[in-house]
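**Q** Structure: upload-v6.cif, mmCIF, C-alpha atoms.
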data_target
#
loop_
_atom_site.label_atom_id
_atom_site.label_comp_id
_atom_site.auth_asym_id
_atom_site.auth_seq_id
_atom_site.Cartn_x
_atom_site.Cartn_y
_atom_site.Cartn_z
CA MET G 22 24.08 -36.68 48.36
CA SER G 23 21.32 -35.90 50.80
CA LEU G 24 18.15 -34.21 49.70
CA MET G 25 19.02 -31.12 51.77
CA ARG G 26 22.46 -30.85 50.18
CA LEU G 27 20.95 -31.19 46.72
CA PHE G 28 18.49 -28.39 47.49
CA THR G 29 21.30 -26.17 48.81
CA VAL G 30 23.31 -26.64 45.61
CA PHE G 31 20.26 -25.87 43.47
CA ALA G 32 19.33 -22.77 45.50
CA THR G 33 22.90 -21.49 45.32
CA ALA G 34 22.94 -21.94 41.56
CA VAL G 35 19.64 -20.05 41.20
CA LEU G 36 20.89 -17.24 43.46
CA ALA G 37 24.14 -16.97 41.51
CA GLY G 38 22.18 -16.85 38.27
CA CYS G 39 19.99 -14.07 39.65
CA LEU G 40 23.02 -12.05 40.69
CA PHE G 41 24.64 -12.28 37.28
CA VAL G 42 21.57 -12.13 35.01
CA GLY G 43 18.87 -10.58 37.17
CA CYS G 44 15.77 -12.23 38.53
CA SER G 45 13.24 -9.51 37.76
CA ARG G 46 11.44 -9.53 34.43
CA ALA G 47 13.60 -7.04 32.62
CA PRO G 48 12.10 -5.56 29.44
CA THR G 49 12.66 -7.86 26.51
CA THR G 50 15.18 -6.49 24.11
CA VAL G 51 13.86 -6.83 20.62
CA LYS G 52 16.32 -6.58 17.82
CA ALA G 53 14.34 -5.49 14.80
CA ALA G 54 16.31 -6.46 11.74
CA SER G 55 14.45 -3.93 9.62
CA LEU G 56 15.59 -0.85 11.54
CA LYS G 57 18.34 1.26 10.08
CA PRO G 58 21.23 2.27 12.29
CA ASN G 59 21.10 5.91 13.46
CA SER G 60 23.83 6.96 11.08
CA GLN G 61 21.69 6.00 8.08
CA ARG G 62 18.49 7.66 9.22
CA ARG G 63 17.15 10.76 7.56
CA ASP G 64 14.73 13.34 8.90
CA ALA G 65 11.10 12.46 8.20
CA PRO G 66 9.86 15.36 6.05
CA ASP G 67 7.33 17.50 7.88
CA PHE G 68 3.90 18.06 6.38
CA THR G 69 0.72 19.87 7.30
CA LEU G 70 -2.59 18.16 6.54
CA LYS G 71 -6.10 18.06 7.97
CA ASP G 72 -7.46 15.13 9.94
CA ALA G 73 -11.00 13.74 9.89
CA ASP G 74 -12.13 16.40 12.38
CA GLY G 75 -10.69 19.19 10.26
CA LYS G 76 -7.86 19.76 12.70
CA THR G 77 -4.43 20.63 11.33
CA VAL G 78 -1.81 17.94 11.75
CA HIS G 79 1.89 18.72 11.54
CA LEU G 80 4.12 15.65 11.58
CA SER G 81 6.64 17.68 13.57
CA GLU G 82 4.11 17.75 16.47
CA TYR G 83 4.95 14.09 17.00
CA ARG G 84 8.63 14.74 17.75
CA GLY G 85 9.53 12.80 20.90
CA LYS G 86 7.19 9.96 20.00
CA VAL G 87 7.68 6.86 17.91
CA VAL G 88 5.43 7.19 14.86
CA LEU G 89 4.18 4.63 12.39
CA LEU G 90 3.31 6.62 9.27
CA ASP G 91 1.12 4.54 6.97
CA PHE G 92 0.31 5.55 3.40
CA TRP G 93 -2.79 3.57 2.43
CA ALA G 94 -6.06 3.64 0.49
CA THR G 95 -9.47 2.06 0.92
CA TRP G 96 -9.13 0.27 -2.45
CA CYS G 97 -5.84 -1.37 -1.42
CA ASP G 98 -6.41 -4.86 -0.09
CA PRO G 99 -2.94 -5.34 1.48
CA CYS G 100 -3.45 -2.00 3.26
CA ARG G 101 -6.70 -3.25 4.71
CA LEU G 102 -4.92 -6.33 6.02
CA GLU G 103 -2.40 -4.24 7.93
CA ILE G 104 -4.81 -1.71 9.43
CA PRO G 105 -6.13 -4.03 12.21
CA TRP G 106 -2.50 -4.60 13.27
CA PHE G 107 -1.97 -0.84 13.48
CA ILE G 108 -5.16 -0.46 15.51
CA ASP G 109 -3.74 -3.02 17.97
CA LEU G 110 -0.34 -1.32 18.06
CA GLN G 111 -2.00 2.02 18.78
CA ARG G 112 -4.14 0.54 21.54
CA LYS G 113 -1.25 -1.24 23.23
CA ASN G 114 1.39 1.47 22.92
CA LYS G 115 -0.38 4.83 22.94
CA ASP G 116 0.60 5.46 26.55
CA ARG G 117 4.22 4.59 25.86
CA GLY G 118 4.86 7.45 23.45
CA PHE G 119 3.69 5.84 20.24
CA GLU G 120 1.27 7.03 17.58
CA VAL G 121 0.03 5.67 14.30
CA LEU G 122 -0.70 8.29 11.66
CA GLY G 123 -2.50 7.17 8.52
CA VAL G 124 -2.18 9.04 5.24
CA SER G 125 -5.01 8.08 2.94
CA MET G 126 -4.35 8.33 -0.78
CA ASP G 127 -8.00 8.01 -1.80
CA ASP G 128 -8.89 10.48 -4.55
CA GLU G 129 -12.46 10.62 -3.23
CA GLY G 130 -11.16 11.83 0.16
CA TRP G 131 -13.26 11.82 3.30
CA GLU G 132 -16.35 10.67 1.42
CA VAL G 133 -14.90 7.15 1.34
CA VAL G 134 -12.34 7.38 4.13
CA LYS G 135 -14.60 8.38 7.02
CA PRO G 136 -17.05 5.48 6.54
CA PHE G 137 -14.11 3.08 6.32
CA MET G 138 -12.52 4.46 9.49
CA LYS G 139 -15.79 3.95 11.30
CA SER G 140 -16.37 0.47 9.92
CA VAL G 141 -13.01 -0.88 11.11
CA GLY G 142 -12.82 1.18 14.31
CA MET G 143 -9.66 3.10 13.50
CA ASN G 144 -8.36 4.52 16.78
CA TYR G 145 -5.64 6.71 15.30
CA ARG G 146 -5.53 9.90 13.28
CA VAL G 147 -5.83 9.85 9.53
CA VAL G 148 -5.09 12.65 7.11
CA ILE G 149 -5.72 12.83 3.38
CA GLY G 150 -2.45 12.84 1.46
CA ASN G 151 -1.64 14.72 -1.72
CA ASP G 152 1.06 14.75 -4.38
CA GLU G 153 3.20 17.12 -2.36
CA THR G 154 3.17 14.77 0.63
CA THR G 155 4.04 11.72 -1.41
CA GLN G 156 6.84 13.54 -3.23
CA MET G 157 8.37 14.39 0.15
CA TYR G 158 8.49 10.68 0.87
CA GLY G 159 10.05 9.65 -2.41
CA GLY G 160 6.93 9.30 -4.55
CA VAL G 161 5.03 6.61 -2.62
CA ASP G 162 3.78 5.07 -5.84
CA SER G 163 2.86 1.79 -4.23
CA LEU G 164 0.66 1.04 -1.25
CA PRO G 165 0.92 0.24 1.52
CA SER G 166 4.09 2.23 2.21
CA THR G 167 4.89 2.44 5.89
CA PHE G 168 7.56 4.50 7.59
CA LEU G 169 8.68 3.93 11.18
CA ILE G 170 9.88 7.20 12.65
CA ASP G 171 11.98 7.36 15.81
CA ARG G 172 11.61 9.84 18.66
CA GLN G 173 14.08 12.19 17.01
CA GLY G 174 11.82 12.43 13.96
CA LYS G 175 14.08 10.30 11.78
CA ILE G 176 12.98 7.50 9.48
CA ALA G 177 14.15 4.27 11.06
CA ALA G 178 12.48 1.82 8.66
CA ILE G 179 10.63 1.80 5.36
CA HIS G 180 8.26 -1.00 4.40
CA ILE G 181 6.96 -1.03 0.85
CA GLY G 182 4.06 -3.40 0.41
CA LEU G 183 2.51 -5.79 2.89
CA ALA G 184 4.93 -6.59 5.71
CA SER G 185 4.42 -9.03 8.55
CA ARG G 186 2.76 -8.00 11.78
CA LYS G 187 5.88 -9.10 13.67
CA VAL G 188 8.11 -6.80 11.66
CA PHE G 189 6.03 -3.81 12.75
CA GLU G 190 5.72 -5.00 16.35
CA ASP G 191 9.46 -5.61 16.69
CA GLY G 192 10.35 -2.31 15.04
CA VAL G 193 8.01 -0.30 17.26
CA GLU G 194 9.18 -2.19 20.35
CA GLU G 195 12.84 -1.50 19.68
CA LEU G 196 12.23 2.17 19.01
CA LEU G 197 10.16 2.47 22.19
CA HIS G 198 12.83 0.74 24.24
CA ALA G 199 15.57 3.07 23.11
CA PRO G 200 16.55 4.94 26.32
CA ALA G 201 15.58 8.60 26.17
CA GLY G 202 14.75 8.04 22.58
CA ILE G 203 18.26 7.08 21.58
CA VAL G 204 18.54 3.89 19.60
CA ILE G 205 21.90 2.22 19.84
CA ASP G 206 23.67 2.27 16.53
CA ARG G 207 25.04 -1.24 16.58
CA ALA G 208 26.78 -0.86 13.27
CA SER G 209 28.72 2.20 14.47
CA LEU G 210 29.53 0.54 17.79
CA SER G 211 30.95 -2.52 16.11
CA ARG G 212 32.98 -0.37 13.73
CA GLY G 213 34.32 1.66 16.68
CA ALA G 214 35.29 -1.43 18.60
CA ARG G 215 37.64 -2.57 15.88
CA MET X 26 16.33 -8.11 -2.47
CA LEU X 27 13.83 -5.26 -2.39
CA PRO X 28 14.00 -4.60 1.37
CA LEU X 29 17.79 -4.74 1.22
CA ALA X 30 17.84 -2.33 -1.70
CA LEU X 31 15.56 0.02 0.20
CA LEU X 32 17.75 -0.09 3.27
CA LEU X 33 20.84 0.61 1.23
CA THR X 34 19.49 3.31 -0.99
CA GLY X 35 16.66 4.81 1.04
CA LEU X 36 14.05 7.18 -0.33
CA PRO X 37 15.43 7.73 -3.86
CA TYR X 38 14.56 4.13 -4.61
CA LEU X 39 10.88 4.91 -4.14
CA ALA X 40 10.98 7.61 -6.78
CA ALA X 41 12.11 5.04 -9.32
CA GLN X 42 9.06 2.90 -8.73
CA GLY X 43 5.96 2.72 -10.82
CA SER X 44 4.92 1.60 -14.21
CA GLY X 45 1.41 0.91 -15.36
CA HIS X 46 1.64 -2.88 -15.03
CA LEU X 47 -0.93 -3.14 -17.81
CA SER X 48 -0.86 -2.40 -21.53
CA VAL X 49 -3.63 -2.02 -24.05
CA GLY X 50 -3.19 -3.08 -27.67
CA SER X 51 -4.82 -1.49 -30.70
CA PRO X 52 -8.47 -2.45 -31.13
CA ALA X 53 -9.40 -3.90 -34.53
CA LYS X 54 -10.97 -1.44 -36.96
CA ILE X 55 -14.77 -1.50 -37.06
CA SER X 56 -16.55 -1.50 -40.38
CA GLY X 57 -20.32 -1.41 -40.84
CA ALA X 58 -23.37 0.12 -42.47
CA ARG X 59 -25.94 2.37 -40.82
CA ASN X 60 -27.95 0.67 -38.05
CA ALA X 61 -25.57 -2.29 -37.99
CA SER X 62 -24.43 -3.83 -34.69
CA VAL X 63 -20.66 -4.02 -34.63
CA GLN X 64 -17.98 -5.18 -32.20
CA THR X 65 -14.27 -4.86 -31.67
CA LYS X 66 -11.75 -6.59 -29.44
CA ILE X 67 -9.63 -4.53 -27.09
CA PRO X 68 -6.52 -6.57 -26.27
CA VAL X 69 -5.21 -6.13 -22.73
CA THR X 70 -2.08 -7.55 -21.12
CA VAL X 71 -1.33 -7.46 -17.40
CA ASP X 72 2.34 -7.76 -16.44
CA PRO X 73 3.44 -11.13 -14.99
CA GLY X 74 2.96 -11.28 -11.23
CA PHE X 75 0.29 -8.57 -11.25
CA HIS X 76 -3.48 -8.62 -11.34
CA VAL X 77 -6.27 -6.12 -11.88
CA ASN X 78 -9.73 -6.30 -10.34
CA SER X 79 -12.43 -7.94 -12.41
CA ASN X 80 -15.61 -6.24 -13.58
CA PRO X 81 -17.59 -6.47 -11.42
CA ALA X 82 -15.00 -6.50 -8.64
CA ALA X 83 -15.16 -8.87 -5.68
CA ALA X 84 -16.04 -6.07 -3.29
CA GLU X 85 -17.57 -2.62 -3.50
CA TYR X 86 -14.41 -0.90 -2.27
CA LEU X 87 -12.24 -2.35 -5.05
CA ILE X 88 -11.75 -0.52 -8.33
CA PRO X 89 -12.80 -2.72 -11.26
CA LEU X 90 -11.26 -2.66 -14.69
CA SER X 91 -13.72 -0.67 -16.78
CA VAL X 92 -14.10 0.97 -20.16
CA THR X 93 -15.96 4.22 -20.64
CA TRP X 94 -16.46 6.10 -23.90
CA SER X 95 -16.08 9.85 -24.14
CA ALA X 96 -16.68 10.48 -27.87
CA THR X 97 -17.96 7.74 -30.15
CA GLY X 98 -18.73 9.81 -33.26
CA ALA X 99 -21.05 7.94 -35.60
CA LEU X 100 -21.21 4.94 -33.24
CA GLU X 101 -23.58 4.46 -30.34
CA ALA X 102 -21.80 2.81 -27.44
CA GLY X 103 -23.19 -0.51 -26.27
CA LYS X 104 -22.18 -3.12 -23.78
CA VAL X 105 -18.57 -3.96 -22.95
CA THR X 106 -18.11 -7.67 -22.26
CA TYR X 107 -15.44 -8.48 -19.71
CA PRO X 108 -13.72 -11.87 -19.50
CA LYS X 109 -14.28 -14.51 -16.85
CA ALA X 110 -12.28 -13.71 -13.73
CA THR X 111 -9.93 -15.94 -11.78
CA LYS X 112 -9.70 -16.07 -7.99
CA GLU X 113 -6.76 -14.67 -6.07
CA LYS X 114 -6.24 -15.03 -2.33
CA VAL X 115 -4.89 -11.98 -0.47
CA GLY X 116 -4.72 -12.69 3.24
CA ASP X 117 -8.18 -13.88 4.25
CA ASP X 118 -9.84 -12.19 1.29
CA THR X 119 -10.57 -13.88 -2.02
CA LEU X 120 -10.48 -11.46 -4.91
CA THR X 121 -11.69 -11.96 -8.48
CA VAL X 122 -9.07 -10.72 -10.89
CA TYR X 123 -7.70 -10.69 -14.42
CA THR X 124 -4.14 -11.72 -15.16
CA GLY X 125 -2.08 -12.25 -18.30
CA SER X 126 -3.54 -11.44 -21.72
CA PHE X 127 -7.24 -11.19 -22.48
CA ASP X 128 -9.68 -9.33 -24.72
CA LEU X 129 -12.52 -6.99 -23.88
CA ILE X 130 -15.35 -7.01 -26.37
CA ALA X 131 -16.80 -3.56 -27.05
CA SER X 132 -20.16 -3.44 -28.84
CA PHE X 133 -21.53 -0.48 -30.79
CA LYS X 134 -24.41 0.30 -33.06
CA VAL X 135 -23.80 2.40 -36.15
CA SER X 136 -26.01 5.47 -35.99
CA ALA X 137 -28.92 5.64 -38.43
CA SER X 138 -27.73 9.04 -39.58
CA ALA X 139 -24.03 8.21 -39.71
CA PRO X 140 -22.26 9.75 -42.68
CA ALA X 141 -20.20 7.34 -44.74
CA GLY X 142 -16.51 7.54 -44.10
CA PRO X 143 -13.89 7.04 -41.40
CA GLY X 144 -13.92 8.08 -37.78
CA VAL X 145 -12.53 7.26 -34.34
CA ALA X 146 -14.34 6.39 -31.13
CA ALA X 147 -12.43 7.53 -28.04
CA GLY X 148 -12.61 6.30 -24.49
CA LYS X 149 -10.54 5.22 -21.57
CA LEU X 150 -9.78 2.03 -19.71
CA ARG X 151 -9.54 2.48 -15.96
CA TYR X 152 -7.88 -0.10 -13.75
CA GLN X 153 -6.02 -0.58 -10.52
CA ALA X 154 -3.17 -3.09 -10.40
CA CYS X 155 -1.71 -5.04 -7.50
CA ASN X 156 0.68 -7.88 -6.91
CA SER X 157 0.52 -10.17 -3.89
CA THR X 158 1.84 -7.53 -1.48
CA THR X 159 1.48 -4.13 -3.10
CA CYS X 160 -1.12 -2.06 -4.88
CA PHE X 161 -0.66 0.80 -7.30
CA PRO X 162 -2.88 3.85 -7.75
CA PRO X 163 -5.72 3.67 -10.29
CA LYS X 164 -4.71 4.57 -13.81
CA ASN X 165 -6.46 5.48 -17.03
CA VAL X 166 -5.36 4.41 -20.51
CA GLU X 167 -6.72 6.19 -23.56
CA ILE X 168 -8.43 3.93 -26.10
CA SER X 169 -9.06 4.76 -29.76
CA VAL X 170 -11.24 2.56 -31.96
CA PRO X 171 -11.01 3.39 -35.64
CA TYR X 172 -14.14 2.81 -37.71
CA GLN X 173 -15.35 3.01 -41.28
CA ILE X 174 -19.03 3.67 -42.06
CA GLN X 175 -20.02 2.15 -45.38
#
Translate this structure into structure tokens?
**A**
Amino acid sequence: MSLMRLFTVFATAVLAGCLFVGCSRAPTTVKAASLKPNSQRRDAPDFTLKDADGKTVHLSEYRGKVVLLDFWATWCDPCRLEIPWFIDLQRKNKDRGFEVLGVSMDDEGWEVVKPFMKSVGMNYRVVIGNDETTQMYGGVDSLPSTFLIDRQGKIAAIHIGLASRKVFEDGVEELLHAPAGIVIDRASLSRGAR
Amino acid sequence: MLPLALLLTGLPYLAAQGSGHLSVGSPAKISGARNASVQTKIPVTVDPGFHVNSNPAAAEYLIPLSVTWSATGALEAGKVTYPKATKEKVGDDTLTVYTGSFDLIASFKVSASAPAGPGVAAGKLRYQACNSTTCFPPKNVEISVPYQIQ
């Protein structure tokens, strides 16, 4: 086989591959194992709390965005481990329709929370939680407790305790990739196909 | 199993969470004469797999285990001696913590004007428990130390 013929075969194979699979860098599809299918998602309860600037925050304002809702406290070491990851997620995905919202459970309130926010460079909004807020979310007795909320305002994942950075990244990525905010319910699809 | 349980059962599971993760036994009764220095042991047990921050704690932001007295009657509150801490690694941080069973030693001085007879010193033990991945809100446990002035 001549060199030219070998090249022709190779080029044809590459072209055929491009036609079937696509040569452009299509967005990576991340399958986050921790996300619930749509049918099992519940509405994230709305709440109204003040942020560090005294501005009123309604969770419902975030409808249409993917939200990472993080219940944390300054005295919680695992929470402090996760916060730099959330700062990164906020920085990378803010322009893609994503927001982190922190709910501090510090009894001392802004007196301890504001200095901490400044010291770690938190680039997302934080509100001070209360009993009413935690009851809405099932008690939230342990920290960190993190809820991933889809664009429809439904809870897509719950992480109690320290989770891995990848789990959050994959979950956020899948929710952001959902076309027009709709996440494919794979479980329902597979049931329907039978 | 926990993540699976959460996925299957959702929010109601969270409401079922939460115990103190620490228990305090009954301190031994104190007996002494006026002006005497007296001590009692306060037995503490932390649930397996959990830890509480030492006193002093490894960092300013952590909540140490601590005893404070609210009403000591005929006793004057003195120093509380905390046990030697062990080290626990959480991520990149090294914490100093208490695990398992240990005693706190509470010292008092019997007041010079203490009337003879029984009494109770009251206080609280404050702590904040965690395991390797999760922390629980600070809690207070009431402490009662019975005493007898001779």
**Q** Identify the residues around (-8.9, 6.0, -13.4) within a radius of 8 Å, measuring from all atoms listed in the file in the coordinates stated by the file, and give them as a list in words.
**A**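 Residues satisfying the cut-off, written out: Leu150, Arg151, Tyr152, Gln153, Pro163, Lys164 and Asn165 of chain X.
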**Q** Which residues come within 9 Å of Ser126 in chain X, counting all atoms listed in the file, excluding same-chain residues fewer than 2 positions away, as a list in words?
**A**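 That gives Pro68, Val69, Thr70, Val71, Asp72, Tyr123, Thr124 and Asp128 of chain X.
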**Q** What are the nearest atom pairs, with distances in Å to one decimal, for all residues of chain G that come at most 9 Å from chain X, using only C-alpha atoms, set out by chain and rising residue number as CSV?
**A**
residue,atom,partner,partner_atom,distance
G:Ser55,CA,X:Leu32,CA,8.1
G:Leu56,CA,X:Leu32,CA,8.6
G:Lys57,CA,X:Leu32,CA,7.0
G:Gln61,CA,X:Leu32,CA,8.7
G:Arg62,CA,X:Gly35,CA,8.9
G:Arg63,CA,X:Gly35,CA,8.8
G:Ala94,CA,X:Pro162,CA,8.8
G:Thr95,CA,X:Tyr86,CA,6.6
G:Trp96,CA,X:Leu87,CA,4.8
G:Cys97,CA,X:Cys160,CA,5.9
G:Asp98,CA,X:Val115,CA,7.3
G:Pro99,CA,X:Thr158,CA,6.0
G:Cys100,CA,X:Thr159,CA,8.3
G:Leu102,CA,X:Gly116,CA,6.9
G:Met126,CA,X:Pro162,CA,8.4
G:Asp127,CA,X:Pro162,CA,8.9
G:Val133,CA,X:Tyr86,CA,8.8
G:Gln156,CA,X:Ala40,CA,8.1
G:Tyr158,CA,X:Leu36,CA,6.7
G:Gly159,CA,X:Ala40,CA,4.9
G:Gly160,CA,X:Ala40,CA,4.9
G:Val161,CA,X:Leu39,CA,6.3
G:Asp162,CA,X:Gly43,CA,5.9
G:Ser163,CA,X:Phe161,CA,4.8
G:Leu164,CA,X:Cys160,CA,5.1
G:Pro165,CA,X:Thr159,CA,6.4
G:Ser166,CA,X:Thr159,CA,8.7
G:Ala178,CA,X:Leu32,CA,7.8
G:Ile179,CA,X:Leu31,CA,7.4
G:His180,CA,X:Pro28,CA,7.4
G:Ile181,CA,X:Thr159,CA,7.4
G:Gly182,CA,X:Thr159,CA,4.4
G:Leu183,CA,X:Thr158,CA,4.8
G:Ala184,CA,X:Thr158,CA,7.9
**Q** For this file, the PyMOL selection byres ((chain X and resi 63) around 6) selects which residues, as a list in words?
**A** Ser62, Gln64, Ser132, Phe133 and Lys134 of chain X
**Q** Could you write out as a list in words the residues that the PyMOL selection byres ((chain G and resi 131) around 12) matches in the shown file?
**A**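 That selection, the PyMOL selection byres ((chain G and resi 131) around 12), comes back as Lys71, Asp72, Ala73, Asp74, Gly75, Ala94, Thr95, Val124, Ser125, Met126, Asp127, Asp128, Glu129, Gly130, Glu132, Val133, Val134, Lys135, Pro136, Phe137, Met138, Lys139, Val147, Val148, Ile149 and Gly150 of chain G.
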**Q** In Å, with one decimal, what is the gap from CA of Thr167 in chain G to CA of Ser185 in chain G?
**A**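 Interatomic distance here is 11.8 Å.
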**Q** Restricting the calculation to all atoms listed in the file, which member of X:Lys149, X:Val77, X:Ser138, X:Tyr107 is positioned closest to Thr121 in chain X?
**A**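 Nearest candidate to Thr121 in chain X out of X:Lys149, X:Val77, X:Ser138, X:Tyr107: X:Val77.
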**Q** Would you work out the distance separating CA of Ser136 in chain X from CA of Val105 in chain X, expressed in Å to one decimal?
**A**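 CA of Val105 in chain X lies at a distance of 17.7 Å from CA of Ser136 in chain X.
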**Q** Using only C-alpha atoms, give me every residue within 12 Å of (6.4, 14.7, 16.6) in file coordinates, as a PyMOL selection string.
**A** chain G and resi 64-68+78-90+118-122+170-175
**Q** Take the residues from that selection and put them in a file with C-alpha atoms, as a compact mmCIF listing (two decimals), keeping the file's coordinate frame.
**A**
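part_17.txt written:
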# COMPACT_ATOMS: atom_id res chain seq x y z
CA ASP G 64 14.73 13.34 8.90
CA ALA G 65 11.10 12.46 8.20
CA PRO G 66 9.86 15.36 6.05
CA ASP G 67 7.33 17.50 7.88
CA PHE G 68 3.90 18.06 6.38
CA VAL G 78 -1.81 17.94 11.75
CA HIS G 79 1.89 18.72 11.54
CA LEU G 80 4.12 15.65 11.58
CA SER G 81 6.64 17.68 13.57
CA GLU G 82 4.11 17.75 16.47
CA TYR G 83 4.95 14.09 17.00
CA ARG G 84 8.63 14.74 17.75
CA GLY G 85 9.53 12.80 20.90
CA LYS G 86 7.19 9.96 20.00
CA VAL G 87 7.68 6.86 17.91
CA VAL G 88 5.43 7.19 14.86
CA LEU G 89 4.18 4.63 12.39
CA LEU G 90 3.31 6.62 9.27
CA GLY G 118 4.86 7.45 23.45
CA PHE G 119 3.69 5.84 20.24
CA GLU G 120 1.27 7.03 17.58
CA VAL G 121 0.03 5.67 14.30
CA LEU G 122 -0.70 8.29 11.66
CA ILE G 170 9.88 7.20 12.65
CA ASP G 171 11.98 7.36 15.81
CA ARG G 172 11.61 9.84 18.66
CA GLN G 173 14.08 12.19 17.01
CA GLY G 174 11.82 12.43 13.96
CA LYS G 175 14.08 10.30 11.78
**Q** Distance CA of Glu190 in chain G-CA of Trp106 in chain G, one decimal place?
**A**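 We find that CA of Glu190 in chain G and CA of Trp106 in chain G lie 8.8 Å from each other.
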**Q** I need the output of the PyMOL selection byres ((chain X and resi 137) around 12) for this file as an NGL selection string; which residues are they?
**A** :X and (57-62 or 99-101 or 134-136 or 138-141 or 174-175)
